[in-house]
Amino acid sequence: MAPFFQASRVGAGIEATVELLIARASEVGIADVVDGGTSLTHLSGGGGARIDVQVGSGVGEKERVADSAPFAAADSPEETLQRYLQVLQGHIKDPDLGLYTPQTREFFRNWLVTDAQQDNELRELQRVIEQGRVVVAGELAVVRFPIGQRRNSPYLLRRGEGGWMLDFSAMSRLLGFNHRNQWFFRSTEHEFMFAFNDLRFDRNGFPHEDP
């Protein structure tokens, strides 16, 4: 999480590190392996690793992609999400991709994203993308996953002239995560609630299936 510390965002860096640790611990609980398929014999593997970082040394310029056509808004929410998978796979940080809403582009210009975070999101999304349910209402859409997959938050999209775009600005504003990386809504008074009419939300914003 060195980029966060270089940008003097120490709190955000610690939070991002904890999120990745929780995600990796959850994976171990399921597969009992680490990257490369090596058995997790030593639970403290990697403990004591160090890296020198100068806090406040700044953030490098985000590299623009040479050809942005593959990352344009698509004709369907599903295709836009598939294109976003390619963004994660390629560790692309360009904030001005066409598959992002204008508000999201502005958001990402000032938001740090690391390779490790993209790798983690890629693993989680690949695991459930085939289970995604798309709900559309006019110019808005939601791709949501089974409630049992509580680490997989919904993706919110808007349709513009070019097609469907991911609205990470709205996701950052509306979605929160607890200490186990389980998602909840910070408020249930928003325009994307049409996609969750079959669920109930407790007072903390966590979704539940109606009995």
# chains A, B, ... in the order shown; residues from 1 in each chain; ligands from 1

$ select_by_dssp --residues "region 78-206 of chain A" --states "strand (DSSP E)" --output "MDAnalysis selection string"
chainID A and resid 133:137 140:144 155:160 163:166 175:177 183:185 199:201

$ write_last_selection --atoms "N, CA and C atoms" --output "PDB file, in the first residue's frame"
ATOM      1  N   ARG A 133     -27.006 -10.886 -11.409  1.00  0.00           N
ATOM      2  CA  ARG A 133     -28.377 -10.614 -11.850  1.00  0.00           C
ATOM      3  C   ARG A 133     -28.457  -9.142 -12.226  1.00  0.00           C
ATOM      4  N   VAL A 134     -28.920  -8.860 -13.428  1.00  0.00           N
ATOM      5  CA  VAL A 134     -29.004  -7.486 -13.910  1.00  0.00           C
ATOM      6  C   VAL A 134     -30.436  -6.981 -13.777  1.00  0.00           C
ATOM      7  N   VAL A 135     -30.587  -5.833 -13.140  1.00  0.00           N
ATOM      8  CA  VAL A 135     -31.897  -5.199 -12.983  1.00  0.00           C
ATOM      9  C   VAL A 135     -31.800  -3.805 -13.597  1.00  0.00           C
ATOM     10  N   VAL A 136     -32.682  -3.524 -14.552  1.00  0.00           N
ATOM     11  CA  VAL A 136     -32.643  -2.258 -15.283  1.00  0.00           C
ATOM     12  C   VAL A 136     -33.930  -1.487 -15.045  1.00  0.00           C
ATOM     13  N   ALA A 137     -33.794  -0.180 -14.848  1.00  0.00           N
ATOM     14  CA  ALA A 137     -34.953   0.710 -14.736  1.00  0.00           C
ATOM     15  C   ALA A 137     -34.602   2.010 -15.451  1.00  0.00           C
ATOM     16  N   LEU A 140     -30.938   3.570 -15.506  1.00  0.00           N
ATOM     17  CA  LEU A 140     -30.142   3.036 -14.404  1.00  0.00           C
ATOM     18  C   LEU A 140     -30.135   1.514 -14.453  1.00  0.00           C
ATOM     19  N   ALA A 141     -29.061   0.927 -13.956  1.00  0.00           N
ATOM     20  CA  ALA A 141     -28.970  -0.531 -13.887  1.00  0.00           C
ATOM     21  C   ALA A 141     -28.114  -0.931 -12.698  1.00  0.00           C
ATOM     22  N   VAL A 142     -28.379  -2.126 -12.204  1.00  0.00           N
ATOM     23  CA  VAL A 142     -27.610  -2.700 -11.100  1.00  0.00           C
ATOM     24  C   VAL A 142     -27.258  -4.136 -11.465  1.00  0.00           C
ATOM     25  N   VAL A 143     -26.003  -4.501 -11.257  1.00  0.00           N
ATOM     26  CA  VAL A 143     -25.597  -5.903 -11.341  1.00  0.00           C
ATOM     27  C   VAL A 143     -25.349  -6.349  -9.910  1.00  0.00           C
ATOM     28  N   ARG A 144     -26.169  -7.270  -9.429  1.00  0.00           N
ATOM     29  CA  ARG A 144     -26.057  -7.729  -8.046  1.00  0.00           C
ATOM     30  C   ARG A 144     -25.836  -9.230  -8.002  1.00  0.00           C
ATOM     31  N   TYR A 155     -22.776  -3.640  -8.465  1.00  0.00           N
ATOM     32  CA  TYR A 155     -22.209  -2.615  -9.342  1.00  0.00           C
ATOM     33  C   TYR A 155     -23.351  -1.757  -9.868  1.00  0.00           C
ATOM     34  N   LEU A 156     -23.190  -0.444  -9.787  1.00  0.00           N
ATOM     35  CA  LEU A 156     -24.215   0.506 -10.204  1.00  0.00           C
ATOM     36  C   LEU A 156     -23.807   1.132 -11.535  1.00  0.00           C
ATOM     37  N   LEU A 157     -24.760   1.231 -12.456  1.00  0.00           N
ATOM     38  CA  LEU A 157     -24.457   1.745 -13.792  1.00  0.00           C
ATOM     39  C   LEU A 157     -25.490   2.773 -14.234  1.00  0.00           C
ATOM     40  N   ARG A 158     -25.057   3.643 -15.146  1.00  0.00           N
ATOM     41  CA  ARG A 158     -25.937   4.625 -15.785  1.00  0.00           C
ATOM     42  C   ARG A 158     -25.743   4.538 -17.298  1.00  0.00           C
ATOM     43  N   ARG A 159     -26.831   4.773 -18.018  1.00  0.00           N
ATOM     44  CA  ARG A 159     -26.748   4.758 -19.478  1.00  0.00           C
ATOM     45  C   ARG A 159     -26.635   6.177 -20.008  1.00  0.00           C
ATOM     46  N   GLY A 160     -25.633   6.390 -20.847  1.00  0.00           N
ATOM     47  CA  GLY A 160     -25.452   7.670 -21.503  1.00  0.00           C
ATOM     48  C   GLY A 160     -25.570   7.495 -23.007  1.00  0.00           C
ATOM     49  N   GLY A 163     -23.569   4.461 -24.181  1.00  0.00           N
ATOM     50  CA  GLY A 163     -23.874   3.140 -23.645  1.00  0.00           C
ATOM     51  C   GLY A 163     -23.856   3.135 -22.130  1.00  0.00           C
ATOM     52  N   TRP A 164     -23.706   1.945 -21.557  1.00  0.00           N
ATOM     53  CA  TRP A 164     -23.756   1.776 -20.104  1.00  0.00           C
ATOM     54  C   TRP A 164     -22.389   2.029 -19.476  1.00  0.00           C
ATOM     55  N   MET A 165     -22.403   2.834 -18.404  1.00  0.00           N
ATOM     56  CA  MET A 165     -21.170   3.219 -17.717  1.00  0.00           C
ATOM     57  C   MET A 165     -21.263   2.871 -16.234  1.00  0.00           C
ATOM     58  N   LEU A 166     -20.143   2.474 -15.663  1.00  0.00           N
ATOM     59  CA  LEU A 166     -20.068   2.176 -14.233  1.00  0.00           C
ATOM     60  C   LEU A 166     -20.000   3.469 -13.431  1.00  0.00           C
ATOM     61  N   LEU A 175     -22.157   2.780  -0.758  1.00  0.00           N
ATOM     62  CA  LEU A 175     -21.781   1.477  -0.217  1.00  0.00           C
ATOM     63  C   LEU A 175     -20.699   1.594   0.843  1.00  0.00           C
ATOM     64  N   GLY A 176     -20.846   0.806   1.898  1.00  0.00           N
ATOM     65  CA  GLY A 176     -19.823   0.705   2.922  1.00  0.00           C
ATOM     66  C   GLY A 176     -19.491  -0.758   3.161  1.00  0.00           C
ATOM     67  N   PHE A 177     -18.416  -1.008   3.915  1.00  0.00           N
ATOM     68  CA  PHE A 177     -17.992  -2.378   4.204  1.00  0.00           C
ATOM     69  C   PHE A 177     -17.606  -2.476   5.671  1.00  0.00           C
ATOM     70  N   TRP A 183     -20.593  -5.990   2.497  1.00  0.00           N
ATOM     71  CA  TRP A 183     -21.136  -4.708   2.067  1.00  0.00           C
ATOM     72  C   TRP A 183     -22.463  -4.375   2.731  1.00  0.00           C
ATOM     73  N   PHE A 184     -22.736  -3.084   2.800  1.00  0.00           N
ATOM     74  CA  PHE A 184     -24.022  -2.578   3.283  1.00  0.00           C
ATOM     75  C   PHE A 184     -24.266  -1.225   2.628  1.00  0.00           C
ATOM     76  N   PHE A 185     -25.511  -0.775   2.662  1.00  0.00           N
ATOM     77  CA  PHE A 185     -25.840   0.556   2.168  1.00  0.00           C
ATOM     78  C   PHE A 185     -25.753   1.556   3.321  1.00  0.00           C
ATOM     79  N   LEU A 199     -35.576  -7.647  -1.272  1.00  0.00           N
ATOM     80  CA  LEU A 199     -34.768  -7.797  -0.065  1.00  0.00           C
ATOM     81  C   LEU A 199     -35.238  -6.830   1.006  1.00  0.00           C
ATOM     82  N   ARG A 200     -34.871  -7.123   2.236  1.00  0.00           N
ATOM     83  CA  ARG A 200     -35.078  -6.166   3.318  1.00  0.00           C
ATOM     84  C   ARG A 200     -33.712  -5.781   3.872  1.00  0.00           C
ATOM     85  N   PHE A 201     -33.620  -4.588   4.396  1.00  0.00           N
ATOM     86  CA  PHE A 201     -32.356  -4.089   4.930  1.00  0.00           C
ATOM     87  C   PHE A 201     -32.532  -3.771   6.409  1.00  0.00           C
TER      88      PHE A 201
END

$ residues_around --residues "Phe168 (chain A)" --least-positions-apart "4" --cutoff "9 Å" --atoms "only C-alpha atoms" --output "PyMOL selection string"
chain A and resi 100-101+103-105+107-108+155-157+172-173

$ atom_distance --atom1 "CA of Lys62 (chain A)" --atom2 "CA of Lys93 (chain A)"
6.0 Å

$ closest_residue --among "A:Ile147, A:Ala72, A:Leu88, A:Leu99" --to "Val113 (chain A)" --atoms "only C-alpha atoms"
A:Leu88

$ select_by_dssp --residues "region 130-198 of chain A" --states "alpha helix (DSSP H)" --output "ChimeraX atom specification"
/A:168-174

$ atom_distance --atom1 "CA of Asp167 (chain A)" --atom2 "CA of Pro95 (chain A)"
12.2 Å

$ residues_around --residues "Asp119 (chain A)" --least-positions-apart "4" --cutoff "8 Å" --atoms "only C-alpha atoms" --output "list in words"
Leu88, Gln89, His91, Asp115 and Arg123 of chain A

$ write_last_selection --atoms "N, CA and C atoms" --output "PDB file, in the first residue's frame"
ATOM      1  N   LEU A  88      -9.217  -4.531 -14.822  1.00  0.00           N
ATOM      2  CA  LEU A  88      -8.582  -5.112 -13.640  1.00  0.00           C
ATOM      3  C   LEU A  88      -7.427  -6.027 -14.030  1.00  0.00           C
ATOM      4  N   GLN A  89      -7.635  -6.850 -15.046  1.00  0.00           N
ATOM      5  CA  GLN A  89      -6.596  -7.780 -15.481  1.00  0.00           C
ATOM      6  C   GLN A  89      -5.353  -7.047 -15.962  1.00  0.00           C
ATOM      7  N   HIS A  91      -4.349  -4.089 -14.957  1.00  0.00           N
ATOM      8  CA  HIS A  91      -3.891  -3.102 -13.967  1.00  0.00           C
ATOM      9  C   HIS A  91      -3.962  -1.685 -14.542  1.00  0.00           C
ATOM     10  N   ASP A 115      -2.234  -2.078  -7.699  1.00  0.00           N
ATOM     11  CA  ASP A 115      -2.312  -3.371  -8.384  1.00  0.00           C
ATOM     12  C   ASP A 115      -2.908  -4.431  -7.464  1.00  0.00           C
ATOM     13  N   ARG A 123     -10.207 -11.234  -8.540  1.00  0.00           N
ATOM     14  CA  ARG A 123     -10.484 -12.581  -8.027  1.00  0.00           C
ATOM     15  C   ARG A 123     -11.925 -12.699  -7.545  1.00  0.00           C
TER      16      ARG A 123
END

$ atom_distance --atom1 "CA of Thr188 (chain A)" --atom2 "CA of Glu209 (chain A)"
15.5 Å

$ closest_residue --among "A:Asp202, A:Asp75, A:Glu139, A:Glu130" --to "Gly162 (chain A)" --atoms "only C-alpha atoms"
A:Asp75

$ decode --residues "region 58-196 of chain A" --atoms "C-alpha atoms" --output "PDB file, in the first residue's frame"
ATOM      1  CA  GLY A  58       3.761  12.276  -3.981  1.00  0.00           C
ATOM      2  CA  VAL A  59       1.743  10.239  -6.463  1.00  0.00           C
ATOM      3  CA  GLY A  60       2.906   9.381  -9.946  1.00  0.00           C
ATOM      4  CA  GLU A  61       0.906  10.416 -12.995  1.00  0.00           C
ATOM      5  CA  LYS A  62      -1.728   7.846 -13.920  1.00  0.00           C
ATOM      6  CA  GLU A  63      -0.812   6.290 -17.238  1.00  0.00           C
ATOM      7  CA  ARG A  64      -3.326   6.673 -20.057  1.00  0.00           C
ATOM      8  CA  VAL A  65      -4.088   3.702 -22.292  1.00  0.00           C
ATOM      9  CA  ALA A  66      -2.893   4.002 -25.876  1.00  0.00           C
ATOM     10  CA  ASP A  67      -6.144   2.571 -27.258  1.00  0.00           C
ATOM     11  CA  SER A  68      -9.239   3.296 -25.185  1.00  0.00           C
ATOM     12  CA  ALA A  69     -11.729   1.769 -27.660  1.00  0.00           C
ATOM     13  CA  PRO A  70     -11.881  -1.623 -25.867  1.00  0.00           C
ATOM     14  CA  PHE A  71     -12.876   0.217 -22.694  1.00  0.00           C
ATOM     15  CA  ALA A  72     -15.748   2.278 -24.057  1.00  0.00           C
ATOM     16  CA  ALA A  73     -19.275   2.171 -22.666  1.00  0.00           C
ATOM     17  CA  ALA A  74     -21.082  -0.933 -23.936  1.00  0.00           C
ATOM     18  CA  ASP A  75     -24.588  -1.672 -25.186  1.00  0.00           C
ATOM     19  CA  SER A  76     -25.463  -3.726 -22.098  1.00  0.00           C
ATOM     20  CA  PRO A  77     -24.553  -3.594 -18.393  1.00  0.00           C
ATOM     21  CA  GLU A  78     -23.180  -7.131 -18.649  1.00  0.00           C
ATOM     22  CA  GLU A  79     -20.764  -6.206 -21.438  1.00  0.00           C
ATOM     23  CA  THR A  80     -19.593  -3.094 -19.591  1.00  0.00           C
ATOM     24  CA  LEU A  81     -18.788  -5.233 -16.552  1.00  0.00           C
ATOM     25  CA  GLN A  82     -16.907  -7.697 -18.768  1.00  0.00           C
ATOM     26  CA  ARG A  83     -14.847  -4.805 -20.120  1.00  0.00           C
ATOM     27  CA  TYR A  84     -14.141  -3.713 -16.564  1.00  0.00           C
ATOM     28  CA  LEU A  85     -12.707  -7.182 -15.915  1.00  0.00           C
ATOM     29  CA  GLN A  86     -10.144  -6.397 -18.606  1.00  0.00           C
ATOM     30  CA  VAL A  87      -9.314  -3.146 -16.804  1.00  0.00           C
ATOM     31  CA  LEU A  88      -8.582  -5.112 -13.640  1.00  0.00           C
ATOM     32  CA  GLN A  89      -6.596  -7.780 -15.481  1.00  0.00           C
ATOM     33  CA  GLY A  90      -4.428  -5.152 -17.155  1.00  0.00           C
ATOM     34  CA  HIS A  91      -3.891  -3.102 -13.967  1.00  0.00           C
ATOM     35  CA  ILE A  92      -5.202  -0.105 -15.902  1.00  0.00           C
ATOM     36  CA  LYS A  93      -5.402   3.091 -13.834  1.00  0.00           C
ATOM     37  CA  ASP A  94      -6.562   5.507 -16.560  1.00  0.00           C
ATOM     38  CA  PRO A  95      -9.416   7.490 -14.940  1.00  0.00           C
ATOM     39  CA  ASP A  96     -10.880   8.707 -18.238  1.00  0.00           C
ATOM     40  CA  LEU A  97     -12.109   5.440 -19.729  1.00  0.00           C
ATOM     41  CA  GLY A  98     -15.427   5.591 -21.548  1.00  0.00           C
ATOM     42  CA  LEU A  99     -16.937   2.833 -19.416  1.00  0.00           C
ATOM     43  CA  TYR A 100     -16.894   5.232 -16.438  1.00  0.00           C
ATOM     44  CA  THR A 101     -19.500   7.931 -15.850  1.00  0.00           C
ATOM     45  CA  PRO A 102     -18.190  11.532 -15.975  1.00  0.00           C
ATOM     46  CA  GLN A 103     -18.521  11.708 -12.173  1.00  0.00           C
ATOM     47  CA  THR A 104     -16.516   8.492 -11.842  1.00  0.00           C
ATOM     48  CA  ARG A 105     -13.743   9.861 -14.042  1.00  0.00           C
ATOM     49  CA  GLU A 106     -13.432  12.867 -11.769  1.00  0.00           C
ATOM     50  CA  PHE A 107     -13.547  10.569  -8.741  1.00  0.00           C
ATOM     51  CA  PHE A 108     -10.735   8.319 -10.014  1.00  0.00           C
ATOM     52  CA  ARG A 109      -8.507  11.282 -10.879  1.00  0.00           C
ATOM     53  CA  ASN A 110      -8.240  11.870  -7.138  1.00  0.00           C
ATOM     54  CA  TRP A 111      -8.490   8.269  -5.922  1.00  0.00           C
ATOM     55  CA  LEU A 112      -5.577   5.900  -5.486  1.00  0.00           C
ATOM     56  CA  VAL A 113      -5.897   2.352  -6.806  1.00  0.00           C
ATOM     57  CA  THR A 114      -3.108  -0.208  -6.434  1.00  0.00           C
ATOM     58  CA  ASP A 115      -2.312  -3.371  -8.384  1.00  0.00           C
ATOM     59  CA  ALA A 116      -3.006  -5.412  -5.246  1.00  0.00           C
ATOM     60  CA  GLN A 117      -6.484  -3.929  -4.900  1.00  0.00           C
ATOM     61  CA  GLN A 118      -7.244  -4.607  -8.552  1.00  0.00           C
ATOM     62  CA  ASP A 119      -6.009  -8.192  -8.222  1.00  0.00           C
ATOM     63  CA  ASN A 120      -8.249  -8.719  -5.214  1.00  0.00           C
ATOM     64  CA  GLU A 121     -11.309  -7.256  -6.940  1.00  0.00           C
ATOM     65  CA  LEU A 122     -10.561  -9.341 -10.033  1.00  0.00           C
ATOM     66  CA  ARG A 123     -10.484 -12.581  -8.027  1.00  0.00           C
ATOM     67  CA  GLU A 124     -13.725 -11.732  -6.260  1.00  0.00           C
ATOM     68  CA  LEU A 125     -15.541 -10.651  -9.419  1.00  0.00           C
ATOM     69  CA  GLN A 126     -14.403 -13.616 -11.520  1.00  0.00           C
ATOM     70  CA  ARG A 127     -15.684 -15.928  -8.806  1.00  0.00           C
ATOM     71  CA  VAL A 128     -19.278 -14.660  -9.018  1.00  0.00           C
ATOM     72  CA  ILE A 129     -19.747 -12.809 -12.301  1.00  0.00           C
ATOM     73  CA  GLU A 130     -21.680 -15.692 -13.856  1.00  0.00           C
ATOM     74  CA  GLN A 131     -24.117 -15.479 -10.935  1.00  0.00           C
ATOM     75  CA  GLY A 132     -24.784 -11.796 -11.514  1.00  0.00           C
ATOM     76  CA  ARG A 133     -28.377 -10.614 -11.850  1.00  0.00           C
ATOM     77  CA  VAL A 134     -29.004  -7.486 -13.910  1.00  0.00           C
ATOM     78  CA  VAL A 135     -31.897  -5.199 -12.983  1.00  0.00           C
ATOM     79  CA  VAL A 136     -32.643  -2.258 -15.283  1.00  0.00           C
ATOM     80  CA  ALA A 137     -34.953   0.710 -14.736  1.00  0.00           C
ATOM     81  CA  GLY A 138     -34.800   3.353 -17.445  1.00  0.00           C
ATOM     82  CA  GLU A 139     -31.316   4.848 -17.542  1.00  0.00           C
ATOM     83  CA  LEU A 140     -30.142   3.036 -14.404  1.00  0.00           C
ATOM     84  CA  ALA A 141     -28.970  -0.531 -13.887  1.00  0.00           C
ATOM     85  CA  VAL A 142     -27.610  -2.700 -11.100  1.00  0.00           C
ATOM     86  CA  VAL A 143     -25.597  -5.903 -11.341  1.00  0.00           C
ATOM     87  CA  ARG A 144     -26.057  -7.729  -8.046  1.00  0.00           C
ATOM     88  CA  PHE A 145     -24.933 -11.076  -6.713  1.00  0.00           C
ATOM     89  CA  PRO A 146     -26.447 -13.684  -4.355  1.00  0.00           C
ATOM     90  CA  ILE A 147     -26.811 -12.356  -0.819  1.00  0.00           C
ATOM     91  CA  GLY A 148     -24.729 -15.248   0.453  1.00  0.00           C
ATOM     92  CA  GLN A 149     -21.750 -13.694  -1.353  1.00  0.00           C
ATOM     93  CA  ARG A 150     -21.554 -10.773   1.048  1.00  0.00           C
ATOM     94  CA  ARG A 151     -18.088  -9.657  -0.042  1.00  0.00           C
ATOM     95  CA  ASN A 152     -19.398  -9.070  -3.564  1.00  0.00           C
ATOM     96  CA  SER A 153     -21.108  -5.708  -3.555  1.00  0.00           C
ATOM     97  CA  PRO A 154     -23.434  -4.645  -6.380  1.00  0.00           C
ATOM     98  CA  TYR A 155     -22.209  -2.615  -9.342  1.00  0.00           C
ATOM     99  CA  LEU A 156     -24.215   0.506 -10.204  1.00  0.00           C
ATOM    100  CA  LEU A 157     -24.457   1.745 -13.792  1.00  0.00           C
ATOM    101  CA  ARG A 158     -25.937   4.625 -15.785  1.00  0.00           C
ATOM    102  CA  ARG A 159     -26.748   4.758 -19.478  1.00  0.00           C
ATOM    103  CA  GLY A 160     -25.452   7.670 -21.503  1.00  0.00           C
ATOM    104  CA  GLU A 161     -25.286   8.442 -25.201  1.00  0.00           C
ATOM    105  CA  GLY A 162     -22.413   5.993 -25.669  1.00  0.00           C
ATOM    106  CA  GLY A 163     -23.874   3.140 -23.645  1.00  0.00           C
ATOM    107  CA  TRP A 164     -23.756   1.776 -20.104  1.00  0.00           C
ATOM    108  CA  MET A 165     -21.170   3.219 -17.717  1.00  0.00           C
ATOM    109  CA  LEU A 166     -20.068   2.176 -14.233  1.00  0.00           C
ATOM    110  CA  ASP A 167     -20.831   4.726 -11.521  1.00  0.00           C
ATOM    111  CA  PHE A 168     -18.070   4.226  -8.956  1.00  0.00           C
ATOM    112  CA  SER A 169     -18.710   7.709  -7.637  1.00  0.00           C
ATOM    113  CA  ALA A 170     -22.176   6.615  -6.506  1.00  0.00           C
ATOM    114  CA  MET A 171     -20.833   3.285  -5.245  1.00  0.00           C
ATOM    115  CA  SER A 172     -18.265   5.045  -3.083  1.00  0.00           C
ATOM    116  CA  ARG A 173     -20.965   7.311  -1.675  1.00  0.00           C
ATOM    117  CA  LEU A 174     -23.656   4.680  -1.082  1.00  0.00           C
ATOM    118  CA  LEU A 175     -21.781   1.477  -0.217  1.00  0.00           C
ATOM    119  CA  GLY A 176     -19.823   0.705   2.922  1.00  0.00           C
ATOM    120  CA  PHE A 177     -17.992  -2.378   4.204  1.00  0.00           C
ATOM    121  CA  ASN A 178     -17.601  -3.790   7.689  1.00  0.00           C
ATOM    122  CA  HIS A 179     -14.486  -5.335   9.243  1.00  0.00           C
ATOM    123  CA  ARG A 180     -15.148  -8.568   7.310  1.00  0.00           C
ATOM    124  CA  ASN A 181     -15.453  -6.785   3.938  1.00  0.00           C
ATOM    125  CA  GLN A 182     -19.218  -7.411   3.896  1.00  0.00           C
ATOM    126  CA  TRP A 183     -21.136  -4.708   2.067  1.00  0.00           C
ATOM    127  CA  PHE A 184     -24.022  -2.578   3.283  1.00  0.00           C
ATOM    128  CA  PHE A 185     -25.840   0.556   2.168  1.00  0.00           C
ATOM    129  CA  ARG A 186     -25.014   3.732   4.076  1.00  0.00           C
ATOM    130  CA  SER A 187     -28.561   4.830   3.259  1.00  0.00           C
ATOM    131  CA  THR A 188     -31.500   3.090   1.620  1.00  0.00           C
ATOM    132  CA  GLU A 189     -32.914   6.373   0.314  1.00  0.00           C
ATOM    133  CA  HIS A 190     -31.399   6.467  -3.162  1.00  0.00           C
ATOM    134  CA  GLU A 191     -32.314   5.964  -6.812  1.00  0.00           C
ATOM    135  CA  PHE A 192     -30.849   2.455  -7.167  1.00  0.00           C
ATOM    136  CA  MET A 193     -33.120   0.833  -4.574  1.00  0.00           C
ATOM    137  CA  PHE A 194     -35.467  -0.396  -7.340  1.00  0.00           C
ATOM    138  CA  ALA A 195     -33.067  -3.326  -7.827  1.00  0.00           C
ATOM    139  CA  PHE A 196     -33.487  -4.547  -4.248  1.00  0.00           C
TER     140      PHE A 196
END
